[in-house]
$ cat target-v5.txt   # compact mmCIF, C-alpha atoms
# COMPACT_ATOMS: atom_id res chain seq x y z
CA MET A 1 2.93 -4.15 -25.84
CA ASN A 2 0.52 -2.98 -23.15
CA LEU A 3 1.60 -1.73 -19.73
CA GLN A 4 0.47 -4.87 -17.89
CA ARG A 5 2.58 -7.11 -20.11
CA ALA A 6 5.55 -4.80 -19.69
CA TYR A 7 5.29 -5.09 -15.91
CA ARG A 8 5.10 -8.88 -16.16
CA LEU A 9 8.25 -8.97 -18.28
CA LEU A 10 9.94 -6.62 -15.82
CA ALA A 11 8.99 -8.85 -12.88
CA LEU A 12 10.22 -11.91 -14.77
CA PHE A 13 13.49 -10.13 -15.55
CA TYR A 14 14.08 -9.28 -11.89
CA THR A 15 13.21 -12.85 -10.90
CA VAL A 16 15.83 -14.19 -13.31
CA LEU A 17 18.38 -11.73 -11.92
CA LEU A 18 17.57 -12.96 -8.43
CA LEU A 19 18.07 -16.58 -9.48
CA VAL A 20 21.38 -15.72 -11.15
CA GLY A 21 22.53 -14.01 -7.96
CA ALA A 22 21.49 -17.02 -5.87
CA ILE A 23 23.37 -19.39 -8.18
CA ALA A 24 26.46 -17.15 -7.98
CA LEU A 25 26.37 -17.22 -4.19
CA LEU A 26 25.94 -20.99 -4.12
CA ALA A 27 28.91 -21.30 -6.45
CA GLY A 28 31.06 -19.39 -3.98
CA GLY A 29 30.88 -15.91 -5.46
CA GLY A 30 30.04 -12.77 -3.55
CA SER A 31 30.31 -12.00 0.16
CA ALA A 32 28.18 -11.62 3.28
CA LEU A 33 27.10 -8.24 1.93
CA SER A 34 26.00 -9.93 -1.26
CA LEU A 35 23.82 -12.25 0.80
CA VAL A 36 22.11 -9.24 2.40
CA HIS A 37 21.56 -7.74 -1.05
CA LEU A 38 20.07 -11.00 -2.26
CA ALA A 39 17.67 -11.22 0.71
CA LEU A 40 16.47 -7.65 0.16
CA GLY A 41 16.16 -8.36 -3.54
CA ALA A 42 14.05 -11.45 -2.93
CA LEU A 43 11.65 -9.48 -0.75
CA ALA A 44 11.50 -6.66 -3.30
CA VAL A 45 10.72 -9.12 -6.11
CA VAL A 46 7.78 -10.44 -4.08
CA GLY A 47 6.47 -6.87 -3.90
CA LEU A 48 7.10 -6.35 -7.60
CA TRP A 49 5.02 -9.42 -8.46
CA GLY A 50 2.28 -8.22 -6.12
CA TYR A 51 2.22 -4.85 -7.87
CA THR A 52 2.26 -6.52 -11.28
CA LEU A 53 -0.54 -8.98 -10.48
CA ASN A 54 -2.53 -6.40 -8.49
CA ARG A 55 -2.57 -8.66 -5.44
CA GLY A 56 -1.78 -7.93 -1.82
CA PHE A 57 1.24 -9.86 -0.55
CA MET A 58 2.23 -9.67 3.12
CA ASN A 59 1.32 -6.35 4.76
CA PRO A 60 0.96 -2.93 3.09
CA GLY A 61 2.94 -1.36 5.93
CA LEU A 62 6.03 -3.35 4.87
CA TRP A 63 6.60 -2.05 1.38
CA ARG A 64 7.21 1.67 1.80
CA PRO A 65 9.79 1.13 4.56
CA LEU A 66 11.44 -1.45 2.30
CA ALA A 67 11.48 1.10 -0.53
CA ALA A 68 13.16 3.56 1.84
CA VAL A 69 15.75 0.94 2.85
CA LEU A 70 16.52 0.20 -0.81
CA ALA A 71 16.89 3.92 -1.52
CA VAL A 72 19.31 4.36 1.39
CA VAL A 73 21.31 1.29 0.37
CA ALA A 74 21.50 2.59 -3.21
CA LEU A 75 22.83 5.96 -1.99
CA ILE A 76 25.41 4.29 0.24
CA GLN A 77 26.54 2.10 -2.64
CA LEU A 78 26.85 5.09 -4.95
CA TRP A 79 29.02 6.79 -2.35
CA ALA A 80 31.14 3.64 -2.01
CA ILE A 81 31.52 3.26 -5.78
CA PHE A 82 32.88 6.78 -6.21
CA SER A 83 34.78 7.09 -2.94
CA LEU A 84 36.35 3.72 -2.11
CA SER A 85 38.82 1.45 -3.82
CA LEU A 86 36.78 -1.65 -4.52
CA SER A 87 37.67 -4.89 -6.20
CA GLY A 88 36.31 -5.46 -9.68
CA GLU A 89 33.89 -8.09 -8.41
CA MET A 90 32.52 -5.88 -5.63
CA LEU A 91 32.32 -2.85 -7.91
CA THR A 92 30.32 -4.82 -10.48
CA TRP A 93 27.96 -6.21 -7.84
CA MET A 94 27.34 -2.80 -6.22
CA LEU A 95 26.84 -1.00 -9.51
CA ALA A 96 24.38 -3.59 -10.80
CA SER A 97 22.37 -3.75 -7.58
CA THR A 98 22.21 0.07 -7.39
CA ILE A 99 20.90 0.40 -10.93
CA PHE A 100 18.28 -2.29 -10.51
CA SER A 101 17.19 -0.95 -7.10
CA LEU A 102 16.11 2.46 -8.36
CA LEU A 103 13.05 1.30 -10.28
CA LEU A 104 12.06 -1.03 -7.43
CA VAL A 105 12.09 1.92 -5.03
CA VAL A 106 9.40 3.69 -7.08
CA ILE A 107 7.29 0.56 -7.63
CA LEU A 108 7.40 -0.60 -4.00
CA TYR A 109 6.51 2.89 -2.79
CA ARG A 110 3.41 2.83 -4.98
CA TYR A 111 2.59 -0.74 -4.01
CA GLY A 112 2.66 0.16 -0.31
CA ASP A 113 -0.18 2.66 -0.67
CA ARG A 114 -2.96 1.23 1.53
CA ASP A 115 -5.68 2.95 -0.52
CA GLN A 116 -5.88 0.25 -3.22
CA ALA A 117 -8.26 -2.61 -3.90
CA HIS A 118 -5.65 -5.37 -3.66
CA TRP A 119 -5.23 -4.75 0.07
CA ALA A 120 -8.94 -5.20 0.78
CA THR A 121 -10.49 -8.43 2.03
CA PRO A 122 -13.40 -10.01 0.11
CA GLU A 123 -15.72 -8.81 2.89
CA GLU A 124 -14.46 -5.23 2.55
CA LEU A 125 -14.89 -5.34 -1.23
CA GLU A 126 -18.48 -6.56 -0.87
CA ALA A 127 -19.22 -3.86 1.72
CA ALA A 128 -17.63 -1.29 -0.59
CA ARG A 129 -19.99 -2.29 -3.41
CA ARG A 130 -22.99 -1.85 -1.11
CA LEU A 131 -21.70 1.52 0.08
CA GLU A 132 -21.20 2.70 -3.50
CA ALA A 133 -24.75 1.63 -4.38
CA MET A 134 -26.13 3.55 -1.39
CA LEU A 135 -24.22 6.68 -2.37
CA GLU A 136 -25.51 6.47 -5.94
CA GLU A 137 -29.14 5.93 -4.91
CA GLY A 138 -29.63 9.54 -3.93
CA GLU A 139 -27.99 12.90 -3.44
CA GLY A 140 -26.27 14.13 -0.34
CA PRO A 141 -24.22 12.39 2.35
CA LEU A 142 -24.79 9.22 4.33
CA GLN A 143 -24.66 9.27 8.11
CA ALA A 144 -24.08 6.63 10.76
CA GLU A 145 -23.81 6.49 14.54
CA SER A 146 -22.17 3.99 16.85
CA ARG A 147 -22.31 3.71 20.63
CA ASP A 148 -20.15 1.42 22.71
CA GLY A 149 -20.62 2.08 26.40
CA GLU A 150 -19.36 5.59 27.06
CA ARG A 151 -18.00 6.00 23.55
CA GLU A 152 -19.97 7.52 20.71
CA SER A 153 -19.02 7.95 17.06
CA ARG A 154 -20.81 9.87 14.34
CA VAL A 155 -19.75 9.54 10.72
CA THR A 156 -20.72 11.38 7.56
CA VAL A 157 -19.68 9.97 4.19
CA VAL A 158 -19.99 11.67 0.81
CA LYS A 159 -18.62 11.00 -2.64
CA THR A 160 -17.14 13.93 -4.55
CA GLY A 161 -16.03 13.09 -8.05
CA ASP A 162 -13.91 9.95 -7.76
CA ALA A 163 -13.03 10.51 -4.10
CA TYR A 164 -14.74 9.41 -0.89
CA HIS A 165 -14.76 11.75 2.09
CA ALA A 166 -15.43 10.66 5.67
CA SER A 167 -16.00 13.06 8.56
CA VAL A 168 -15.78 11.42 11.98
CA THR A 169 -16.69 12.80 15.39
CA ARG A 170 -15.85 10.71 18.44
CA ARG A 171 -16.92 11.48 22.01
CA ARG A 172 -15.99 9.95 25.31
CA HIS A 173 -17.17 11.66 28.51
CA ALA A 174 -16.42 15.35 27.94
CA GLU A 175 -13.73 14.69 25.36
CA ARG A 176 -14.51 15.32 21.70
CA GLU A 177 -12.38 14.48 18.67
CA ALA A 178 -13.17 15.33 15.06
CA PHE A 179 -11.21 14.46 11.93
CA GLU A 180 -11.66 13.90 8.20
CA GLU A 181 -10.12 11.47 5.75
CA ARG A 182 -10.21 11.11 1.97
CA PHE A 183 -9.91 7.86 0.01
CA ARG A 184 -9.75 6.85 -3.63
CA HIS A 185 -11.14 3.34 -3.15
CA PRO A 186 -14.34 2.61 -1.19
CA ALA A 187 -12.92 -0.61 0.28
CA THR A 188 -10.25 1.43 2.05
CA LEU A 189 -12.98 3.67 3.38
CA VAL A 190 -14.81 0.61 4.73
CA PHE A 191 -11.62 -0.57 6.48
CA PHE A 192 -11.11 2.88 7.99
CA LEU A 193 -14.70 3.19 9.22
CA GLU A 194 -14.74 -0.23 10.85
CA LYS A 195 -11.36 0.20 12.53
CA PHE A 196 -11.39 3.85 13.59
CA ALA A 197 -15.08 4.74 13.84
CA GLY A 198 -16.67 1.42 14.80
CA VAL A 199 -19.38 1.61 12.14
CA SER A 200 -20.29 -0.73 9.31
CA VAL A 201 -21.99 -0.10 5.99
CA GLY A 202 -25.29 -1.35 7.40
CA ASP A 203 -25.29 1.52 9.93
CA PHE A 204 -25.53 4.23 7.26
CA LYS A 205 -28.72 6.12 6.42
CA ARG A 206 -29.68 9.30 4.65
CA PRO A 207 -30.20 12.21 7.08
CA ASP A 208 -33.82 12.53 5.98
CA ALA A 209 -34.37 8.79 6.61
CA ALA A 210 -32.79 8.74 10.06

$ encode --input "target-v5.txt" --output "structure tokens"
Amino acid sequence: MNLQRAYRLLALFYTVLLLVGAIALLAGGGSALSLVHLALGALAVVGLWGYTLNRGFMNPGLWRPLAAVLAVVALIQLWAIFSLSLSGEMLTWMLASTIFSLLLVVILYRYGDRDQAHWATPEELEAARRLEAMLEEGEGPLQAESRDGERESRVTVVKTGDAYHASVTRRRHAEREAFEERFRHPATLVFFLEKFAGVSVGDFKRPDAA
């Protein structure tokens, strides 16, 4: 069994658990707390399927906070299990949800990393392919400039191994700001450059061709 198939079976397993929980609630089992658990579980399963299928669902900024919420809920439930006198039904529900939350915490944290291809738009992926081709055409960095009224941005991009480095200098009046970022996927670099530096792939040139 390869890893991809294992993730699909895992996602299917969690989906079945979610359906079983929903049926139990509809049949009159559980409590208001169980309903909250089920809602969080449904959202987490969406993220699990996104991770499994390598597709971006919703917003990348959602998933790491959700992973943190699941981790906090799991810790609270562990404290309740060992510290409070719970009914058998509540104890079973809390123990099961805690166990099944732990793996989701890790997966959703990884899924929420913005530096992955499944969060890129088709336009960003196409621009990333052009940027990669430009970087492979010759040695040394690529440079671009952007001016918008009183604002000016200068960007230098270079590929080192499997990583992409961007150095950005922004000026406005007498103010100057410089920062660097590193990315694993070129589409994330394209998103960063367009949003924070105001440059597109078509603006880049070799220093000796400028």

$ closest_residue --input "target-v5.txt" --among "A:Leu189, A:Met90, A:Ala174, A:Glu150" --to "A:Ala32" --atoms "only C-alpha atoms"
A:Met90

$ closest_residue --input "target-v5.txt" --among "A:Ala96, A:Ala68, A:Ala27, A:Ala178" --to "A:Leu108" --atoms "only C-alpha atoms"
A:Ala68

$ axis_aligned_box --input "target-v5.txt" --around "stretch 62-73 of chain A" --padding-each-side "6 Å" --output "lines of an AutoDock Vina configuration file"
center_x = 13.7
center_y = 0.5
center_z = 1.7
size_x = 27.3
size_y = 19.7
size_z = 18.4

$ closest_residue --input "target-v5.txt" --among "A:Arg184, A:Thr169, A:Leu33, A:Lys205" --to "A:Met134" --atoms "all atoms listed in the file"
A:Lys205

$ closest_residue --input "target-v5.txt" --among "A:Gly21, A:Gly50, A:Gly56, A:Pro65" --to "A:Pro122" --atoms "all atoms listed in the file"
A:Gly56

$ residues_around --input "target-v5.txt" --residues "A:Arg147" --least-positions-apart "5" --cutoff "12 Å" --atoms "only C-alpha atoms" --output "list in words"
Glu152, Ser153, Arg154, Val155, Thr169, Arg170, Arg171, Arg172, Ala197, Gly198, Val199 and Asp203 of chain A

$ atom_distance --input "target-v5.txt" --atom1 "atom CA of A:Pro186" --atom2 "atom CA of A:Glu145"
18.8 Å

$ atom_distance --input "target-v5.txt" --atom1 "atom CA of A:Leu3" --atom2 "atom CA of A:Ala120"
23.3 Å

$ atom_distance --input "target-v5.txt" --atom1 "atom CA of A:His185" --atom2 "atom CA of A:Tyr7"
22.4 Å

$ closest_residue --input "target-v5.txt" --among "A:Gly47, A:Leu135, A:Gly61, A:Trp79" --to "A:Val105" --atoms "only C-alpha atoms"
A:Gly47

$ residues_near_point --input "target-v5.txt" --point "(17.4, -11.6, -4.7)" --cutoff "10 Å" --atoms "all atoms listed in the file" --output "ChimeraX atom specification"
/A:14-22,34-46,97

$ residues_around --input "target-v5.txt" --residues "A:Phe82" --least-positions-apart "6" --cutoff "12 Å" --atoms "all atoms listed in the file" --output "ChimeraX atom specification"
/A:75-76,91,94-95

$ residues_around --input "target-v5.txt" --residues "A:Tyr109" --least-positions-apart "3" --cutoff "6 Å" --atoms "only C-alpha atoms" --output "ChimeraX atom specification"
/A:64,67,106,112

$ residues_around --input "target-v5.txt" --residues "A:Ala163" --least-positions-apart "4" --cutoff "7 Å" --atoms "all atoms listed in the file" --output "ChimeraX atom specification"
/A:159,182-184

$ write_last_selection --input "target-v5.txt" --atoms "C-alpha atoms" --output "JSON list (two decimals), in the frame of the given file"
[["chain", "number", "residue", "atom", "x", "y", "z"],
["A", 159, "LYS", "CA", -18.62, 11.00, -2.64],
["A", 182, "ARG", "CA", -10.21, 11.11, 1.97],
["A", 183, "PHE", "CA", -9.91, 7.86, 0.01],
["A", 184, "ARG", "CA", -9.75, 6.85, -3.63]]

$ closest_residue --input "target-v5.txt" --among "A:Phe13, A:Glu89, A:Arg114, A:Ile81" --to "A:Pro60" --atoms "all atoms listed in the file"
A:Arg114
